[in-house]
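> Pasting in a structure now, in structure tokens, and then I'll have a few things to ask.
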Amino acid sequence: QVHLVESGGGLVQAGGSLRLSCAASGDIFSRYNMGWFRQAPGKERDFVAAIGWSGVATYYADSVRARFSISRDNAKNTVYLQMSSLKPEDTAVYYCAARRRTSLQDASTYDSISDYDYWGQGTQVTVSS
């Protein structure tokens, strides 16, 4: 079982940047593919980005592909989400999630909530106009 804790959220002006971090503990981090999701008030939780266990394979929602970058440091048990050119519509609680991998394939195309086994508590990102 893996425990996830997000950090790095906050208030930023439109056009600004933030880097979110998600620290994992409790299991070997490289056993997990990782993802970021977000949930705006009154809306469903949506996929943002995912990364394979080795950090090579990445996958993004169309709405963030050109602006966000996901990465991981297996030595630090941490996954990151670098967010640039932020827009007010990026305002949401951001969650990281872990999926226990079942093979050595460095896959990242896991974009459904049901694909993931463990979740963090979330970190608020607010983008002002």
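Naming scheme: A, B, ... for chains in displayed order of the structure tokens; residues 1 onward per chain; ligands 1 onward as shown.
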Just list the residues in chain A DSSP gives strand (DSSP E or B) on the backbone, as a PyMOL selection string.

chain A and resi 3-7+10-13+18-25+32-39+45-51+58-60+68-73+78-83+92-100+118-119+123-128

> Would you mind listing what lies within 9 Å of Cys22 of chain A as an mmCIF file with C-alpha atoms, in the first residue's frame, with only C-alpha atoms counted and same-chain residues fewer than 2 positions away left out?


data_model
loop_
_atom_site.group_PDB
_atom_site.id
_atom_site.type_symbol
_atom_site.label_atom_id
_atom_site.label_comp_id
_atom_site.auth_asym_id
_atom_site.auth_seq_id
_atom_site.Cartn_x
_atom_site.Cartn_y
_atom_site.Cartn_z
ATOM 1 C CA LEU A 4 0.414 9.941 -1.124
ATOM 2 C CA VAL A 5 0.758 13.552 0.019
ATOM 3 C CA GLU A 6 0.438 16.459 -2.379
ATOM 4 C CA SER A 7 1.946 19.906 -1.884
ATOM 5 C CA GLY A 8 2.722 23.039 -3.839
ATOM 6 C CA LEU A 20 2.953 20.501 -7.554
ATOM 7 C CA ALA A 24 4.853 8.683 -1.810
ATOM 8 C CA ASN A 77 9.658 8.856 -4.264
ATOM 9 C CA THR A 78 8.052 11.939 -5.751
ATOM 10 C CA VAL A 79 5.996 12.824 -8.797
ATOM 11 C CA TYR A 80 5.718 16.402 -10.018
ATOM 12 C CA LEU A 81 3.333 18.441 -12.090
ATOM 13 C CA TYR A 95 -4.979 15.004 -6.703
ATOM 14 C CA CYS A 96 -2.195 12.571 -7.364
ATOM 15 C CA ALA A 97 -2.949 8.911 -7.772
ATOM 16 C CA GLY A 120 -3.758 11.689 -2.047
#

> Do a neighbour search on Gln82 of chain A at 10 Å with only C-alpha atoms, toss out local chain neighbours closer than 5 positions, and write the hits as a ChimeraX atom specification.

/A:17-21,67-71

> Next, the residues of the selection above should be written as a CSV table (one decimal), in the first residue's frame with all heavy atoms.


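Listed below is the output, part-v8.csv:
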chain,number,residue,atom,x,y,z
A,17,SER,N,2.9,30.3,-13.0
A,17,SER,CA,3.3,28.9,-13.0
A,17,SER,C,3.3,28.4,-11.5
A,17,SER,O,3.4,29.2,-10.6
A,17,SER,CB,4.7,28.7,-13.5
A,17,SER,OG,4.8,29.1,-14.9
A,18,LEU,N,3.1,27.1,-11.4
A,18,LEU,CA,3.2,26.4,-10.1
A,18,LEU,C,3.8,25.0,-10.4
A,18,LEU,O,3.6,24.5,-11.5
A,18,LEU,CB,1.8,26.3,-9.5
A,18,LEU,CG,1.2,27.4,-8.7
A,18,LEU,CD1,-0.2,27.0,-8.2
A,18,LEU,CD2,2.1,27.8,-7.5
A,19,ARG,N,4.5,24.5,-9.4
A,19,ARG,CA,4.9,23.1,-9.4
A,19,ARG,C,4.3,22.4,-8.3
A,19,ARG,O,4.6,22.7,-7.1
A,19,ARG,CB,6.4,23.0,-9.4
A,19,ARG,CG,6.8,21.5,-9.7
A,19,ARG,CD,8.3,21.3,-9.8
A,19,ARG,NE,9.0,21.2,-8.5
A,19,ARG,CZ,10.1,20.6,-8.3
A,19,ARG,NH1,10.8,20.1,-9.3
A,19,ARG,NH2,10.7,20.6,-7.1
A,20,LEU,N,3.5,21.4,-8.6
A,20,LEU,CA,3.0,20.5,-7.6
A,20,LEU,C,3.9,19.3,-7.3
A,20,LEU,O,4.5,18.8,-8.3
A,20,LEU,CB,1.6,20.0,-8.0
A,20,LEU,CG,0.5,21.1,-8.3
A,20,LEU,CD1,-0.8,20.4,-8.6
A,20,LEU,CD2,0.4,22.1,-7.2
A,21,SER,N,3.9,18.9,-6.1
A,21,SER,CA,4.7,17.7,-5.8
A,21,SER,C,3.8,16.7,-5.1
A,21,SER,O,2.8,17.0,-4.4
A,21,SER,CB,5.8,18.0,-4.8
A,21,SER,OG,6.7,18.9,-5.4
A,67,ARG,N,0.9,23.0,-21.8
A,67,ARG,CA,1.2,23.9,-20.7
A,67,ARG,C,1.7,23.1,-19.5
A,67,ARG,O,2.4,23.8,-18.7
A,67,ARG,CB,0.0,24.7,-20.3
A,67,ARG,CG,-0.6,25.5,-21.5
A,67,ARG,CD,-1.8,26.2,-21.0
A,67,ARG,NE,-3.0,25.4,-20.7
A,67,ARG,CZ,-3.5,25.4,-19.5
A,67,ARG,NH1,-3.1,26.2,-18.5
A,67,ARG,NH2,-4.6,24.6,-19.2
A,68,PHE,N,1.4,21.9,-19.3
A,68,PHE,CA,1.8,21.2,-18.1
A,68,PHE,C,2.8,20.1,-18.4
A,68,PHE,O,2.8,19.6,-19.6
A,68,PHE,CB,0.6,20.5,-17.5
A,68,PHE,CG,-0.5,21.4,-16.8
A,68,PHE,CD1,-0.4,22.8,-17.0
A,68,PHE,CD2,-1.5,20.9,-16.1
A,68,PHE,CE1,-1.3,23.6,-16.4
A,68,PHE,CE2,-2.5,21.7,-15.5
A,68,PHE,CZ,-2.4,23.1,-15.7
A,69,SER,N,3.6,19.7,-17.4
A,69,SER,CA,4.6,18.7,-17.6
A,69,SER,C,4.7,17.8,-16.4
A,69,SER,O,4.8,18.3,-15.3
A,69,SER,CB,6.0,19.3,-17.9
A,69,SER,OG,6.9,18.3,-18.0
A,70,ILE,N,4.5,16.5,-16.6
A,70,ILE,CA,4.6,15.6,-15.5
A,70,ILE,C,6.0,14.9,-15.5
A,70,ILE,O,6.5,14.6,-16.5
A,70,ILE,CB,3.5,14.5,-15.5
A,70,ILE,CG1,3.4,13.7,-14.3
A,70,ILE,CG2,3.6,13.7,-16.8
A,70,ILE,CD1,2.2,12.7,-14.2
A,71,SER,N,6.5,14.7,-14.3
A,71,SER,CA,7.8,14.0,-14.2
A,71,SER,C,7.9,13.3,-12.8
A,71,SER,O,7.0,13.5,-12.0
A,71,SER,CB,9.0,15.0,-14.3
A,71,SER,OG,8.9,16.0,-13.2

> Do a neighbour search on Gly55 of chain A at 9 Å with only C-alpha atoms, toss out local chain neighbours closer than 6 positions, and write the hits as a PyMOL selection string.

chain A and resi 33+70-74+106

> Using only C-alpha atoms, which protein or nucleic acid residues come within 7 Å of Arg101 of chain A? Drop anything in the same chain fewer than 2 positions from it, and give the result as a list of chain:residue names.

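These residues fall inside the cut-off: A:Arg31, A:Tyr32, A:Asn33, A:Arg99, A:Ser103.
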
> Compare A:Thr109, A:Ser129, A:Ser84, A:Thr123 by their minimum atom-to-atom distance to Thr58 of chain A, counting only C-alpha atoms, and give me the closest one.

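Counting only C-alpha atoms, the residue closest to Thr58 of chain A is A:Thr109.
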
> Env of Gly15 of chain A: 8 Å cut, atoms = only C-alpha atoms, seq-sep filter 6 positions within chain, self excluded. Answer as a ChimeraX atom specification.

/A:84-87

> If you measure from atom CA of Ala50 of chain A to atom CA of Tyr94 of chain A, what distance in Å do you get, rounded to one decimal?

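Interatomic distance here is 13.0 Å.
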
> Go through A:Gly122, A:Thr91, A:Arg100, A:Ser63 and flag the residue nearest Val12 of chain A, using only C-alpha atoms for the distances.

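Of all the options, A:Thr91 lies closest to Val12 of chain A.
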
> Enumerate, as a tab-separated table (two decimals) with C-alpha atoms, in the first residue's frame, the complete set of residues in chain A that a backbone-based DSSP assignment places in helix (DSSP H, G or I).


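Full text of selection.tsv as output:
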chain	number	residue	atom	x	y	z
A	29	PHE	CA	7.69	3.88	-5.66
A	30	SER	CA	8.78	2.36	-8.96
A	31	ARG	CA	6.09	-0.29	-8.58
A	88	PRO	CA	-8.61	30.63	-14.33
A	89	GLU	CA	-10.21	27.44	-15.62
A	90	ASP	CA	-7.29	25.48	-14.15
A	113	ILE	CA	-10.33	7.29	-11.95
A	114	SER	CA	-10.95	3.56	-11.86
A	115	ASP	CA	-7.44	2.91	-13.20

> Give me, please, the distance in Å between atom CA of Ile51 of chain A and atom CA of Ala66 of chain A, quoted to one decimal.

15.8 Å

> So which one's closest to Ile28 of chain A, A:Ala57, A:Asp111, A:Val125, A:His3? Using only C-alpha atoms, please.

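Result for the nearest residue to Ile28 of chain A: A:His3.
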
> List the neighbours of Ala98 of chain A out to 8 Å using only C-alpha atoms; skip same-chain residues closer than 5 positions along the sequence, and give me the result as a VMD selection string.

chain A and resid 2 32 to 35 116 to 119

> Write out, as a JSON list (two decimals), in the first residue's frame, the residues just selected, with N, CA and C atoms.


[["chain", "number", "residue", "atom", "x", "y", "z"],
["A", 2, "VAL", "N", 0.49, 2.27, -0.74],
["A", 2, "VAL", "CA", 1.28, 3.49, -0.83],
["A", 2, "VAL", "C", 0.45, 4.65, -0.31],
["A", 32, "TYR", "N", 4.78, 1.67, -9.15],
["A", 32, "TYR", "CA", 3.55, 2.37, -9.45],
["A", 32, "TYR", "C", 3.66, 3.29, -10.66],
["A", 33, "ASN", "N", 2.64, 3.23, -11.51],
["A", 33, "ASN", "CA", 2.40, 4.29, -12.47],
["A", 33, "ASN", "C", 1.65, 5.39, -11.72],
["A", 34, "MET", "N", 1.89, 6.64, -12.11],
["A", 34, "MET", "CA", 1.32, 7.75, -11.36],
["A", 34, "MET", "C", 0.49, 8.66, -12.26],
["A", 35, "GLY", "N", -0.48, 9.32, -11.64],
["A", 35, "GLY", "CA", -1.32, 10.24, -12.39],
["A", 35, "GLY", "C", -1.69, 11.46, -11.56],
["A", 116, "TYR", "N", -6.80, 3.75, -11.01],
["A", 116, "TYR", "CA", -5.88, 4.03, -9.91],
["A", 116, "TYR", "C", -6.36, 3.42, -8.60],
["A", 117, "ASP", "N", -5.37, 2.99, -7.82],
["A", 117, "ASP", "CA", -5.63, 2.27, -6.59],
["A", 117, "ASP", "C", -5.56, 3.16, -5.35],
["A", 118, "TYR", "N", -4.71, 4.18, -5.39],
["A", 118, "TYR", "CA", -4.48, 5.01, -4.21],
["A", 118, "TYR", "C", -4.52, 6.48, -4.61],
["A", 119, "TRP", "N", -4.98, 7.29, -3.65],
["A", 119, "TRP", "CA", -5.15, 8.73, -3.90],
["A", 119, "TRP", "C", -4.61, 9.54, -2.73]]
